[in-house]
Structures are given as C-alpha cells and as structure tokens.
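Input: a single structure, listed below in structure tokens.
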Amino acid sequence: MEENLLKKLGILSLGIAVFAMFFGAGNIVFPLILGRDVSNDIIISLIGFVITGVVVPILGFIATIVYEGDYDKFFSTIGKIPGFILITLCMVIMGPLGASRCVIMSYAAVHQYLPFSLTIYTFIIAVVIFLFCFKENKVVTILGRFLGPVKITLLAAILIMLLFSLHRLPSTPTAPLLGFFEGLKEGYFTLDLIGAFFFSHLIYISMKSENGNDKTSVKKIMNKGIKAGLIGGIFLSIIYCGFGIAAAIYGPEMKTIPDAHLFSALSIKLLGNYGGILANVTVALAMLTTSLALTTVFADYLCFEIFRGKFPYYLILICTIFINIILENLDFSGIMKIIAPIAILIYPSFIVLAIANIFGKLKNFPYTKIAVAMTFLATLFFQGWFKTLFIK
C-alpha cells in the first residue's frame with residue numbers, strides 16, 4: 001500500500017511538472033482576453049478554449065510519449081527532411097520567441113513594484129534561468145517538486161479568493177457560436193501543442209533516469225507519462241476556467257487595458273493591493289518555470305541535434321539566453337505578430353500528425369504523410385479565411 005502511494009505521488013509530481021511547463025505567458029493572457037471579450041458567453045467559449053488549449057496539446061504530449069519522448073522519430077514519420085525543418089521551426093517558435101513572451105509577461109505583472117527597467121529585469125532573469133537550467137537533467141525535478149507545487153498553491157489561493165468576488169456576468173452581443181469560435185482561437189494561440197512535442201522529451205528522460213535502462217520498463221514509463229499528461233491537463237483546465245470567468249465578470253471595465261497587463265489589473269481590482277502583489281508575483285513565478293522548460297529544450301536541441309555535441313551545453317545555454325534577451329525588447333503583441341501567421345499555417349498539420357502517429361503506433365496507420373500533406377495544402381488554400389478568423 002505504501003509503495004502504491006509513492007507511485008501515485010510520483011505520477012502527481014510529474015503531472016505538476018507537465019502543468020508547470022505548459023503554463024506560460026499565453027496560458028494566462030488568452031483566457032483573460034477571452035473572458036474580457038465574450039463576458040456572459042464565457043462558458044461555451046471556455047469549452048472551445050479547452051479543446052484547443054488543453055485537449056489538443058495533451059493529445060500531442062501523449063502522441064510523443066508513445067514514441068518514447070523522441071520527437072525526432074515522431075516527426076520523421078513524414079520524412080527525414082520535412083521532419084527536420086518542422087522541428088527547427090518549432091524550436092524557434094517555442095524557444096526564443098516563447099521564452100521571451102514569458103519574460104515580457106512576467107515583467108508586465110511585477111513592473112509596478114520594481115525600481116528598474118525591462119532591460120535590467122531581463123538580465124536578472126537571464127542569470128536565474130541559467131542557474132536553474134545549467135543541470136539539464138534536474139529541470140523536471142525542480143519543476144515537479146519545487147516550483148510547480150508553489151505555483152499551483154498560489155494560483156489555487158487566487159482562484160479561491162476570486163470565488164468570493166463572483167457576481168452576475170454582464171451581457172454582451174456575442175452570439176454563443178461566435179463565442180465558441182473565439183475560445184477555439186484563443187486556445188489555439190497558447191501554442192501548447194508545439195510545446196507538447198518537446199516537453200514530453202524532458203518528462204520521458206526524467207522517468208527513464210529513475211527507472212534505469214531496463215527495456216522492460218518502457219511500457220510502464222509510457223503509461224506513467226500518459227497519466228502525468230492527463231493530470232497536467234486537468235490542472236490547466238481548472239486554471240483556465242477560473243481566469244476566464246473572473247475576466248468575464250469585469251470585462252467591460254478592462255476593454256482598454258493592454259493584453260499583457262490584464263492579469264495585473266484584474267488581480268489588483270479583485271484582491272486589493274496586497275492580494276494583487278501576491279497574484280502578480282505568482283504570475284512572475286509561472287513565467288519563470290515555463291521559461292526554464294522552454295530554454296532547456298531549445299538549448300538541448302541546439303547542443304545535441306544541430307551541433308552534435310561539438311560545443312559544451314553551458315555555452316549553448318548562454319547563447320540561447322542572449323538571443324532571448326534581444327527578443328524581449330519586443331512587446332507581447334510584437335512577438336504575436338511574428339508567431340501568429342506561422343502558427344496558423346502549421347498548427348492544423350500538427351494536430352493531424354499527432355492523431356495519425358497515435359494510430360500509426362496502435363493500428364499501423366500507413367497514411368501519415370498523405371494526411372499531413374493534404375492538411376497542409378488545405379491550410380494554404382484556406383489561409384486567407386484562417387487569418388480572418390484567427391487574427392483580429
């Protein structure tokens with residue numbers, strides 16, 4: 001019985017690590033944008049958000065775990081060269097751009113309490129990230145056992161306090177169906193599906209290091225990883241719903257607030273100055289944990305896949321962090337202008353790739369290349385319509 005309890009606690013810790021990796025800048029901003037814009041249609045909108053912001057990423061996470069966390073094998077099902085191109089593109093979106101988006105969001109949360117500028121802040125965060133990421137194989141342990149639980153505890157406290165602030169949702173002219181599609185859009189731009197393909201690698205190597213190199217343990221590791229992904233998805237859904245409903249309540253009062261500052265403004269309004277400080281520090285911590293994961297995955301890719309170990313990991317890590325500092329001079333909307341068109345073009349193909357690869361492993365589905373190619377061509381054909389739907 002005690003052994004079973006320890007196993008459950010181990011899976012819970014991994015689930016928390018999954019949540020901590022996923023929960024970054026977009027995961028805070030986009031539920032708030034959704035709540036602000038749809039107000040009384042928030043419930044149907046959140047259903048759409050959870051589909052693209054939770055179900056799809058966890059599907060991608062599970063699909064890569066089935067490939068033993070090896071994203072190289074996962075993407076090579078569409079061909080070695082196309083797979084390499086997509087991996088590199090994902091790494092750029094997820095690494096420098098994603099990590100920079102997190103740091104910008106963290107500064108927006110706490111800038112009113114700091115005596116220095118964004119430039120100084122980025123250098124301080126750079127040092128912190130370097131110290132945490134220096135030992136690559138310890139990142140999941142740090143996230144799962146330390147930073148992740150702290151973050152969940154603080155976020156849970158905030159959501160509980162929000163429950164005492166609930167009142168009637170203001171009405172808006174948004175039709176329920178439009179609200180649903182708005183939710184799909186905002187969940188889409190969390191870009192968590194892209195992160196899922198690579199976060200699963202960190203989770204898998206962490207589990208493998210605990211279980212040794214015993215080949216008979218591969219299936220157990222996969223099952224454990226799948227359970228961890230589902231737990232992480234549950235945590236994400238709870239947080240999204242809480243943030244979305246809170247923003248919907250005060251939507252009309254936040255129409256003019258910049259996207260990156262929505263959480264800061266809402267937390268101060270709901271919780272007062274002292275509660276607002278707690279909430280904003282929580283956001284800064286959330287950004288730090290996701291930045292750790294994003295930076296580690298990108299540096300790992302450059303070190304071992306691009307440069308094949310010719311340069312030491314710490315040197316690649318320093319270069320990665322330096323690139324992040326440069327990009328952090330862009331604001332949140334500036335980074336999204338770079339990410340959005342690329343995401344619109346490749347995201348549908350990634351969803352099909354994840355589904356096809358799962359069926360490929362379970363049912364020997366032989367048409368992965370064709371399915372992904374057809375999806376990509378269809379997306380190109382309808383790209384103008386997608387832009388109209390997804391970009392304001």
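Each chain in the structure tokens gets a letter, A, B, ..., in the order shown, and its residues are numbered from 1; ligands are numbered from 1 in order too.
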Discussion item. As a PyMOL selection string, please: the residues near Phe75 of chain A (cut-off 8 Å, only C-alpha atoms, same-chain neighbours under 6 positions excluded).
Written reply: chain A and resi 83-84+86-87
Convert the current residue selection to file output with C-alpha atoms, as a PDB file, in the first residue's frame.
ATOM      1  CA  GLY A  83      10.596  16.465 -40.108  1.00  0.00           C
ATOM      2  CA  PHE A  84      13.888  18.275 -39.503  1.00  0.00           C
ATOM      3  CA  LEU A  86       9.395  21.374 -38.787  1.00  0.00           C
ATOM      4  CA  ILE A  87      11.378  20.570 -35.646  1.00  0.00           C
TER       5      ILE A  87
END
Worksheet item: What lies within 7 Å of segment 325-341 of chain A using only C-alpha atoms, ignoring chain neighbours under 2 positions off, as a PyMOL selection string?
Response: chain A and resi 93+97+100-101+104+122+260+321-323+343-345
Discussion item. List the spatial neighbours of Leu230 of chain A as a list of chain:residue names - criterion: any atom at most 12 Å away, only C-alpha atoms, same-chain residues fewer than 2 positions off excluded.
Written reply: A:Ile11, A:Leu12, A:Leu14, A:Gly15, A:Ile16, A:Ala17, A:Val18, A:Phe19, A:Val54, A:Val55, A:Val56, A:Pro57, A:Ile58, A:Leu59, A:Gly60, A:Phe61, A:Ile62, A:Asn223, A:Lys224, A:Gly225, A:Ile226, A:Lys227, A:Ala228, A:Gly232, A:Gly233, A:Ile234, A:Phe235, A:Leu236, A:Ser237
Deliver the residues from the most recent selection as a file, using C-alpha atoms, as an mmCIF file, in the first residue's frame.
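again38.cif, written as the output of this step:
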data_model
loop_
_atom_site.group_PDB
_atom_site.id
_atom_site.type_symbol
_atom_site.label_atom_id
_atom_site.label_comp_id
_atom_site.auth_asym_id
_atom_site.auth_seq_id
_atom_site.Cartn_x
_atom_site.Cartn_y
_atom_site.Cartn_z
ATOM 1 C CA ILE A 11 2.820 10.492 -11.053
ATOM 2 C CA LEU A 12 1.290 13.540 -9.375
ATOM 3 C CA LEU A 14 5.183 14.525 -12.970
ATOM 4 C CA GLY A 15 1.682 15.851 -13.670
ATOM 5 C CA ILE A 16 2.563 19.025 -11.810
ATOM 6 C CA ALA A 17 5.763 19.276 -13.860
ATOM 7 C CA VAL A 18 3.706 18.960 -17.063
ATOM 8 C CA PHE A 19 1.383 21.722 -15.856
ATOM 9 C CA VAL A 54 -5.854 21.556 -23.315
ATOM 10 C CA VAL A 55 -7.213 18.557 -25.251
ATOM 11 C CA VAL A 56 -5.113 19.137 -28.375
ATOM 12 C CA PRO A 57 -1.805 19.769 -26.504
ATOM 13 C CA ILE A 58 -2.301 16.755 -24.218
ATOM 14 C CA LEU A 59 -3.066 14.686 -27.318
ATOM 15 C CA GLY A 60 0.270 15.842 -28.772
ATOM 16 C CA PHE A 61 2.022 15.120 -25.484
ATOM 17 C CA ILE A 62 0.642 11.566 -25.367
ATOM 18 C CA ASN A 223 1.770 4.649 -19.094
ATOM 19 C CA LYS A 224 3.165 6.840 -16.346
ATOM 20 C CA GLY A 225 3.821 9.651 -18.839
ATOM 21 C CA ILE A 226 0.289 9.460 -20.232
ATOM 22 C CA LYS A 227 -1.188 9.674 -16.722
ATOM 23 C CA ALA A 228 1.061 12.652 -15.940
ATOM 24 C CA GLY A 232 -1.405 18.300 -16.122
ATOM 25 C CA GLY A 233 -4.375 18.816 -18.452
ATOM 26 C CA ILE A 234 -6.820 18.789 -15.530
ATOM 27 C CA PHE A 235 -4.825 21.443 -13.697
ATOM 28 C CA LEU A 236 -4.691 23.582 -16.845
ATOM 29 C CA SER A 237 -8.455 23.311 -17.392
#
Item to complete: Tell me which protein, DNA and RNA residues are within 12 Å of His261 of chain A, counting only C-alpha atoms, leaving out same-chain ones fewer than 2 positions away, and put them as a PyMOL selection string.
Response: chain A and resi 25+28-30+32-33+104-112+254-259+263-268+280+283+331-333
Fill in: For atom CA of Val103 of chain A and atom CA of Ile51 of chain A, the interatomic separation in Å (one decimal)
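That distance, rounded to one decimal, is 26.2 Å.
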